[in-house]
Amino acid sequence: MSTPKILDPPPTTLAQPPLPPVTRKVRKGRQSWRRAFRRDWQLYSLALLPLVFFVVFRYLPMIGNVIAFRRFRPGGSIFGEYWVGLRYVKMFLSDPTFWDVFTNTLILGGLTLLVCFPLPIVLALLLNEVRTRYLKRFVQSVSYLPHFLSIVIVAGMIMQMLSVDGVVNQLVNALGGEPSAFLQKPEWFRTIYVSSEAWQTVGWGTILYLAALTTIDQDLYEAARIDGANRWRQTWHVTLPGIRPTMMTLLILNIGTFMAVGFEKILLIYNPLTYETADVISTYVYRVGIVSGNLSYAAAIGLFESVIGLVLVLSANFISRRTVGTSLW
Amino acid sequence: MVTLDALRRPTRRKPGIRPTRGYRAFQVVNAIVLTGVVVVTLYPFINIVARSMSDQASIISGEVNLLPKGFNVTSYEHVMSDSMFWRNYRNTVYYTFVATSVALILTTTYAYVLSKKHLKGRTFLVAVAVFTMFFNGGLIPNYVLVTSLGLKNSVWAIALPNAISVFNLLVMKAFFESLPTDLEEAAAVDGLSTYGILLRIVLPLSKAIVATMVLFYAVSFWNSWFSAFLYMDRQELFPVTVYLRNLIAGSTGAEFAGAIAETDEAQVDATIKSVTIVLTTLPILTVYPFIQRYFVSGIMLGAVKG
Amino acid sequence: MFLRSRRRAVAAAASALALTLGLTACGDDSDPAEELSANRAGAMESYNVGDQFKATEPISFSMLYNNHPNYPLKNDWLFWQELTKRTNVTLEPSAVPLSDYEQKRSVLISAGDAPLIIPKTYHPQENAFVSSGAILPVSDYIDLMPNFKDKIAKWNMAPEINGLRQSDGKFYLLPGLHEKPWQDYSLVVRTDILQELGLQTPKTWDEVYTMLKAMKARYPDLYPFTDRYSQPKPTANLWNILGSSYGAPGGWGFNHATWDAAAGKYFYTAASPQWKAWVEYLNKLVSEKLLDPESFTQTDDQARSKLATGKSFVITGNAQALVNDYRPDLSKNPAAKLVKIPLPVGPAGEVNPAPRTENGVMISSKAKDNKNFVAMMQFIDWLFYSDSGQEFARWGIEGTTFTRDASGKPQLADDVNVIGLHPNAPKHLQKDFGFYNGIFAYGGKPELVQSFFSPEEQEYQAVVGARQPAPWVAPPPAPFTDEEREQATLWETTLRDYVDQQTLRFILGQRPLSEWDAYVNELKSKNMDQYMELQQKAYDRYKKEHG
């Protein structure tokens, strides 16, 4: 890392020199803010720029969410024209289509989480067992490729492969099955979406685990071997606990964001025949809110989604902290 | 980004005891599984490369599979002779470099602060970040903000609003927390300031995660198009992704009441699309094997030991 | 049948007349235009039909620019230079990729950051921006636009213009104007297969069915008809042209409410017997394996590939698709002959379903405070609506990009290419000169609109152009108020989704047509009746308030 200049403490902080670091031992109990500042002002100063970033670029625009409760007209005031109370909230709560797409979102997000969370771990562990360095590197390199492809291309490929004379149906044919138009069948949509999602994300997802794997102390393996543990037990007792913090952090984050299923991809591969299973909140909001300029309605649903996401991540974090001791904060 | 002294050879894993039969069988199965992964992932990619070197008629008649048909590179010449393509390409490199640097500095410093469990107000600082994962301001307030800060048509419109990804932040924080604290404590006893500890002790131990972050941020900035699309008014300022998106998505999704204007109908050649995809994806693919060495290195281990 | 459509046409003519009177009655009062003494900088003192507009001083206007990937914007285009030379106006384009043009336009207008001139807007896209006052009610200022007024009067376009009016009686969009409706899309057929089977070119949809039957009999293993334009809505073009022939257009031409001129009221398009009739027709094609069921979901490339490899013989498309896509795709098969056949006729009779208005220009209301406002309106009037402006935008400069033949008709210069007319020419009219640009060149007299057409396309247009304009393309105004529109868009989304879904299921045979009545009831449970009530209310209110 370069540019240490930015890290200089701002002149306004306390003039007192830092206490000797020996006192750094955490002392539970009531500490006054003054003492905390005196001791850790350098740390606080490091947090200053990021905090400015969050306030300016994240919290300031959030005021715009007020249009969920005010009537917004495109081109009028960006904070809306007048108060309408919970009108837009009532609007979507009483909209049967909303509940359909809500259910679809939960199912699709849940399935994606179920499949796409564990697969990278498995792949990372498999890669970790490869002894030939070049082979390992090659497999890694290849498995990252799908991450770089534009969704538009991926969607095009999905359609090509699933068409009646596409690769998949050729296989079905060879196995004596009846070819079918998978993309027109609502019962197939979830499988198609989740597997394409897995194809795209699994390789890329291994990166974090591979990075975490490098932090595991080799001596632990040594010790396990001396205890007579075979590879399988080493993996179970050393490797997995070693990457557990990473796993838990990712799991919590994934749970928190699983409502945000891939909008663009769904938009490109769904069709009216599969709306029944494919239509999710974001695509619905896009059709009803964005296309026709009904941004207040979109904002109300967006807030609703946010609250759910926040609740999910809080509960996941709570459970994780209670059971395995890993927490986001 | 990553300091050069880190280019030491990664320490090799210690030779283990003789593998058992079961483990050898596993190795074979493993190799087969991984080969399967390679084949499945590679197929569409080879297909794109093949398409980029084929003629249009063969692509449309569905003849192009793994090998180019009607081999020619005229489409490459065509795309590469477009000065706007190169201009946008340069923009992408520049934007990616600046934005990644900014993001790395802010994310590292904040993650480091958050990783200090004893810090008073730490929970609040984490909450400030996590909250923004779920609540955001929506398109128009963001646009108004960037415009009124005067960032439009500059690299800062891309770099600043996306400087911290909370996801990356928390991953990095988790990594810092898992570092052994004895080295830091020792350095503190030696009278090193917090900044010194971060720069000279923590970061050298964290090459794996820094490399990962460089890759994550660089890839996301390289591939991003929306901020540029929103905040850039002149095509000389566009990154190549906007150029690419216009080629690929330009002719889809048209739905108007009545007729589509006659001049807008023509489609872009499938070959041109493929060429542009190959050319935009290539550099990041060639860069990252160099970053990758840090993932598999045992540098951390060596540092703690000695 | 014949009698009914005759009566309908008469009624349409009568209501059109009434509306023309209404137009003059409600006056487009010139009051706002007279208060413009502070905004006349650069404007011409006297500017009339036939005049060349030239600003009295150099001025410039900001403009949103829809950047087409096929001819990306270049600042050194001859178009810009010559435009400035002729009019003293410099346009400052803000380039937006075509792929996401609508989104950026919406953000810019909403954030109050929009350029003055906002082109490429398709009615009713402007509706969303009306209530906030961000867009200029251009109807207040058309006295500044002599060519626009002249064309509307000369070509009898008052009914079309009235259709653009909002609940305040004003319109906010300057649409492209065609003297004659121009139906570009139709069926493209392999005529060599027709010859092989000894068939004539089909004239009606029934004959299309017979033709497909014959093709299937000879080639039982393939689907003779496959179609494209299924992203994002299923076969949006086929549903439009077929639906139009039955009097209930779907797809690209879909409107929830269609005007029934004979009954003098609106009906819900997708619950009408006409809609059911064409759904039955398509269902027949699918169940007899004449129409590829994948048509409704496949990508354009997939459809083209089937045509190219001889897996099918019929597809829909327009002149451009024929020349640029299908023929090159099939070039490997020299025996193959493709022709765009005149739009087959259906129960609605020989109608031309194309509207005479098309995409147009919105103007930011900020423009009104600009000191060059009057000059700007004159400029827009000249460039988009005068004969010389339209010719300039389409053909370019005489002696450089085109020449005139003995009769004065423009001919493309030999070293210039456009839509494959001079394939080996070194320069391209769009890419290298910036003319024939979708933003500036559209509409006009038939001679102009068709001037690039090949002889075969002119022949096609002669047939289709002779047909009567469809009675529903210029419905009477029934604009929603702001609050109504908010409610209506919610209902519309749900209804539209359901219509698309169930129509497709009927066509594919996933739902028997005997359940049609159940389907109509389901639409009712999705607020169809309330929607139509709202529509009728809006129609009555407008009629009462604005004549």
# chains A, B, ... in the order shown; residues from 1 in each chain; ligands from 1
>>> interface_residues(of="chain C", to="chain A", cutoff="6 Å", atoms="only C-alpha atoms", output="number ranges by chain")
C: 109-110, 112, 128-129, 132, 134, 493, 500-501
>>> residues_around(residues="Leu139 (chain B)", least_positions_apart="6", cutoff="10 Å", atoms="only C-alpha atoms", output="PyMOL selection string")
(chain A and resi 61+64+295) or (chain B and resi 230) or (chain C and resi 107+110-111)
>>> write_last_selection(atoms="C-alpha atoms", output="PDB file, in the first residue's frame")
ATOM      1  CA  PRO A  61     -29.230  10.284  -0.669  1.00  0.00           C
ATOM      2  CA  GLY A  64     -34.790  10.587  -0.976  1.00  0.00           C
ATOM      3  CA  LEU A 295     -41.186   5.908  -8.442  1.00  0.00           C
TER       4      LEU A 295
ATOM      5  CA  LEU B 230     -25.342   7.868 -15.802  1.00  0.00           C
TER       6      LEU B 230
ATOM      7  CA  VAL C 107     -33.353  10.275 -14.698  1.00  0.00           C
ATOM      8  CA  SER C 110     -36.592  13.765 -12.939  1.00  0.00           C
ATOM      9  CA  ALA C 111     -33.404  15.335 -11.616  1.00  0.00           C
TER      10      ALA C 111
END
>>> closest_residue(among="A:Leu310, A:Val261, A:Ala316, A:Ile255", to="chain B", atoms="only C-alpha atoms")
A:Leu310
>>> closest_residue(among="C:Leu173, C:Ile363, C:Ala335, C:Val473", to="chain B", atoms="only C-alpha atoms")
C:Val473
>>> closest_residue(among="C:Arg356, C:Lys170, C:His256, C:His422", to="Asp497 (chain C)", atoms="only C-alpha atoms")
C:His256
>>> closest_atom_pairs(of="chain A", to="chain B", cutoff="6 Å", atoms="only C-alpha atoms", output="Markdown table")
| residue | atom | partner | partner_atom | distance |
| --- | --- | --- | --- | --- |
| A:Pro21 | CA | B:Ala188 | CA | 5.8 |
| A:Val26 | CA | B:His118 | CA | 5.6 |
| A:Leu43 | CA | B:Val113 | CA | 5.9 |
| A:Leu46 | CA | B:Thr109 | CA | 5.8 |
| A:Ala47 | CA | B:Tyr110 | CA | 5.3 |
| A:Pro50 | CA | B:Leu106 | CA | 5.6 |
| A:Phe57 | CA | B:Pro161 | CA | 5.6 |
| A:Pro61 | CA | B:Gly137 | CA | 4.4 |
| A:Met62 | CA | B:Gly137 | CA | 3.8 |
| A:Gly64 | CA | B:Gly137 | CA | 5.6 |
| A:Asn65 | CA | B:Gly137 | CA | 5.9 |
| A:Ala211 | CA | B:Phe295 | CA | 5.0 |
| A:Ser306 | CA | B:Phe134 | CA | 4.8 |
| A:Trp329 | CA | B:Thr123 | CA | 5.7 |
>>> write_last_selection(atoms="C-alpha atoms", output="short mmCIF file (atom, residue, chain, number, x, y, z; two decimals), in the first residue's frame")
data_model
loop_
_atom_site.label_atom_id
_atom_site.label_comp_id
_atom_site.auth_asym_id
_atom_site.auth_seq_id
_atom_site.Cartn_x
_atom_site.Cartn_y
_atom_site.Cartn_z
CA PRO A 21 0.43 0.98 24.21
CA VAL A 26 -9.03 -4.38 27.00
CA LEU A 43 -7.55 4.51 15.06
CA LEU A 46 -8.31 6.27 10.27
CA ALA A 47 -12.08 5.89 10.32
CA PRO A 50 -14.59 6.27 5.35
CA PHE A 57 -22.62 9.07 -0.51
CA PRO A 61 -29.23 10.28 -0.67
CA MET A 62 -31.26 8.13 1.71
CA GLY A 64 -34.79 10.59 -0.98
CA ASN A 65 -36.63 7.54 0.36
CA ALA A 211 -7.42 -16.81 0.61
CA SER A 306 -34.73 -3.27 2.94
CA TRP A 329 -19.78 -6.73 14.66
#
>>> closest_atom_pairs(of="chain C", to="chain B", cutoff="8 Å", atoms="only C-alpha atoms", output="Markdown table")
| residue | atom | partner | partner_atom | distance |
| --- | --- | --- | --- | --- |
| C:His68 | CA | B:Asp264 | CA | 7.5 |
| C:Pro69 | CA | B:Leu247 | CA | 5.7 |
| C:Asn70 | CA | B:Val268 | CA | 6.8 |
| C:Ser94 | CA | B:Asp233 | CA | 5.1 |
| C:Ala95 | CA | B:Arg234 | CA | 5.4 |
| C:Val96 | CA | B:Asp233 | CA | 7.1 |
| C:Pro97 | CA | B:Asn246 | CA | 5.7 |
| C:Leu98 | CA | B:Gly250 | CA | 5.7 |
| C:Ser99 | CA | B:Gly250 | CA | 4.1 |
| C:Asp100 | CA | B:Gly250 | CA | 7.8 |
| C:Lys104 | CA | B:Leu230 | CA | 6.6 |
| C:Val107 | CA | B:Ile140 | CA | 6.1 |
| C:Ser110 | CA | B:Ile140 | CA | 7.0 |
| C:Ala111 | CA | B:Val144 | CA | 6.0 |
| C:Tyr122 | CA | B:Phe256 | CA | 6.9 |
| C:His123 | CA | B:Ala257 | CA | 7.6 |
| C:Gln183 | CA | B:Ala259 | CA | 7.9 |
| C:Asp184 | CA | B:Ala259 | CA | 7.8 |
| C:Gln231 | CA | B:Gly253 | CA | 5.8 |
| C:Pro232 | CA | B:Gly253 | CA | 5.6 |
| C:Trp252 | CA | B:Ala257 | CA | 5.2 |
| C:Gly253 | CA | B:Ala257 | CA | 4.9 |
| C:Phe254 | CA | B:Ala257 | CA | 6.8 |
| C:Asn255 | CA | B:Ala257 | CA | 8.0 |
| C:Asp301 | CA | B:Ile60 | CA | 6.4 |
| C:Gln302 | CA | B:Ile60 | CA | 7.6 |
| C:Arg304 | CA | B:Ile60 | CA | 6.5 |
| C:Ser305 | CA | B:Ser61 | CA | 4.5 |
| C:Lys306 | CA | B:Ser61 | CA | 7.1 |
| C:Ala308 | CA | B:Ser61 | CA | 5.5 |
| C:Thr309 | CA | B:Ser61 | CA | 5.5 |
| C:Gln320 | CA | B:Ala266 | CA | 6.5 |
| C:Ala321 | CA | B:Ala266 | CA | 6.7 |
| C:Asn324 | CA | B:Ala266 | CA | 6.8 |
| C:Asp325 | CA | B:Gln267 | CA | 7.8 |
| C:Pro328 | CA | B:Ala57 | CA | 7.0 |
| C:Asp329 | CA | B:Ala57 | CA | 5.2 |
| C:Leu330 | CA | B:Ala57 | CA | 7.6 |
| C:Ser331 | CA | B:Ala57 | CA | 7.8 |
| C:Lys332 | CA | B:Ala57 | CA | 7.8 |
| C:Ala354 | CA | B:Gly258 | CA | 6.8 |
| C:Pro355 | CA | B:Gly258 | CA | 6.7 |
| C:Glu358 | CA | B:Ala259 | CA | 7.2 |
| C:Asn359 | CA | B:Ala261 | CA | 7.7 |
| C:Tyr436 | CA | B:Thr263 | CA | 7.3 |
| C:Asn437 | CA | B:Thr263 | CA | 6.8 |
| C:Gly438 | CA | B:Thr263 | CA | 5.2 |
| C:Tyr442 | CA | B:Ala261 | CA | 7.4 |
>>> select_by_dssp(residues="region 167-368 of chain C", states="alpha helix (DSSP H)", output="PyMOL selection string")
chain C and resi 191-197+205-218+236-246+273-287+300-308+319-320+327-329
>>> residues_around(residues="region 424-431 of chain C", least_positions_apart="2", cutoff="8 Å", atoms="only C-alpha atoms", output="mmCIF file with N, CA and C atoms, in the first residue's frame")
data_model
loop_
_atom_site.group_PDB
_atom_site.id
_atom_site.type_symbol
_atom_site.label_atom_id
_atom_site.label_comp_id
_atom_site.auth_asym_id
_atom_site.auth_seq_id
_atom_site.Cartn_x
_atom_site.Cartn_y
_atom_site.Cartn_z
ATOM 1 N N ASN C 70 -24.857 1.366 -34.631
ATOM 2 C CA ASN C 70 -24.517 1.182 -36.048
ATOM 3 C C ASN C 70 -23.923 2.436 -36.676
ATOM 4 N N TYR C 71 -24.230 3.591 -36.135
ATOM 5 C CA TYR C 71 -23.599 4.810 -36.640
ATOM 6 C C TYR C 71 -23.310 5.746 -35.469
ATOM 7 N N PRO C 72 -22.283 5.370 -34.680
ATOM 8 C CA PRO C 72 -21.994 6.150 -33.479
ATOM 9 C C PRO C 72 -21.678 7.606 -33.786
ATOM 10 N N THR C 401 -23.630 14.154 -51.193
ATOM 11 C CA THR C 401 -24.170 12.838 -50.852
ATOM 12 C C THR C 401 -25.261 12.402 -51.820
ATOM 13 N N ASP C 414 -22.783 8.085 -56.114
ATOM 14 C CA ASP C 414 -22.235 6.758 -56.400
ATOM 15 C C ASP C 414 -21.261 6.263 -55.322
ATOM 16 N N ASP C 415 -20.556 7.221 -54.706
ATOM 17 C CA ASP C 415 -19.549 6.775 -53.737
ATOM 18 C C ASP C 415 -20.102 6.739 -52.317
ATOM 19 N N VAL C 416 -21.432 6.738 -52.186
ATOM 20 C CA VAL C 416 -22.041 6.721 -50.861
ATOM 21 C C VAL C 416 -22.969 5.521 -50.765
ATOM 22 N N ASN C 417 -22.908 4.857 -49.625
ATOM 23 C CA ASN C 417 -23.738 3.683 -49.411
ATOM 24 C C ASN C 417 -24.736 3.945 -48.280
ATOM 25 N N VAL C 418 -25.911 3.351 -48.379
ATOM 26 C CA VAL C 418 -26.835 3.279 -47.253
ATOM 27 C C VAL C 418 -27.809 2.139 -47.528
ATOM 28 N N HIS C 422 -25.485 0.893 -52.405
ATOM 29 C CA HIS C 422 -24.203 0.841 -53.112
ATOM 30 C C HIS C 422 -23.202 0.102 -52.226
ATOM 31 N N PHE C 433 -21.299 10.501 -42.687
ATOM 32 C CA PHE C 433 -21.805 11.855 -42.888
ATOM 33 C C PHE C 433 -22.811 12.287 -41.829
ATOM 34 N N GLY C 434 -23.458 11.313 -41.186
ATOM 35 C CA GLY C 434 -24.414 11.648 -40.138
ATOM 36 C C GLY C 434 -25.813 11.965 -40.643
ATOM 37 N N PHE C 435 -26.078 11.656 -41.908
ATOM 38 C CA PHE C 435 -27.444 11.859 -42.412
ATOM 39 C C PHE C 435 -28.243 10.575 -42.264
ATOM 40 N N TYR C 436 -29.561 10.678 -42.554
ATOM 41 C CA TYR C 436 -30.470 9.546 -42.416
ATOM 42 C C TYR C 436 -30.323 8.967 -41.010
ATOM 43 N N ASN C 437 -30.290 9.859 -40.044
ATOM 44 C CA ASN C 437 -30.109 9.534 -38.643
ATOM 45 C C ASN C 437 -31.491 9.426 -38.006
#
>>> atom_distance(atom1="CA of Asn333 (chain C)", atom2="CA of Leu282 (chain C)")
29.5 Å
>>> residues_around(residues="Leu534 (chain C)", least_positions_apart="3", cutoff="10 Å", atoms="only C-alpha atoms", output="list in words")
Ala478, Pro479, Phe480, Glu484, Arg485, Gln487, Ala488, Met528, Asp529, Gln530, Tyr531, Lys537, Ala538, Tyr539 and Asp540 of chain C
>>> write_last_selection(atoms="C-alpha atoms", output="compact mmCIF listing (two decimals), in the first residue's frame")
# COMPACT_ATOMS: atom_id res chain seq x y z
CA ALA C 478 -59.32 10.05 -23.32
CA PRO C 479 -56.48 11.32 -21.15
CA PHE C 480 -56.20 10.29 -17.51
CA GLU C 484 -56.05 8.24 -12.39
CA ARG C 485 -52.91 7.42 -14.29
CA GLN C 487 -53.98 3.79 -10.47
CA ALA C 488 -54.33 2.85 -14.13
CA MET C 528 -60.70 -4.89 -16.20
CA ASP C 529 -64.15 -3.37 -15.77
CA GLN C 530 -62.92 -0.70 -13.40
CA TYR C 531 -60.20 0.12 -15.87
CA LYS C 537 -64.91 8.54 -17.62
CA ALA C 538 -61.78 10.14 -19.01
CA TYR C 539 -63.29 10.12 -22.48
CA ASP C 540 -66.56 11.71 -21.33
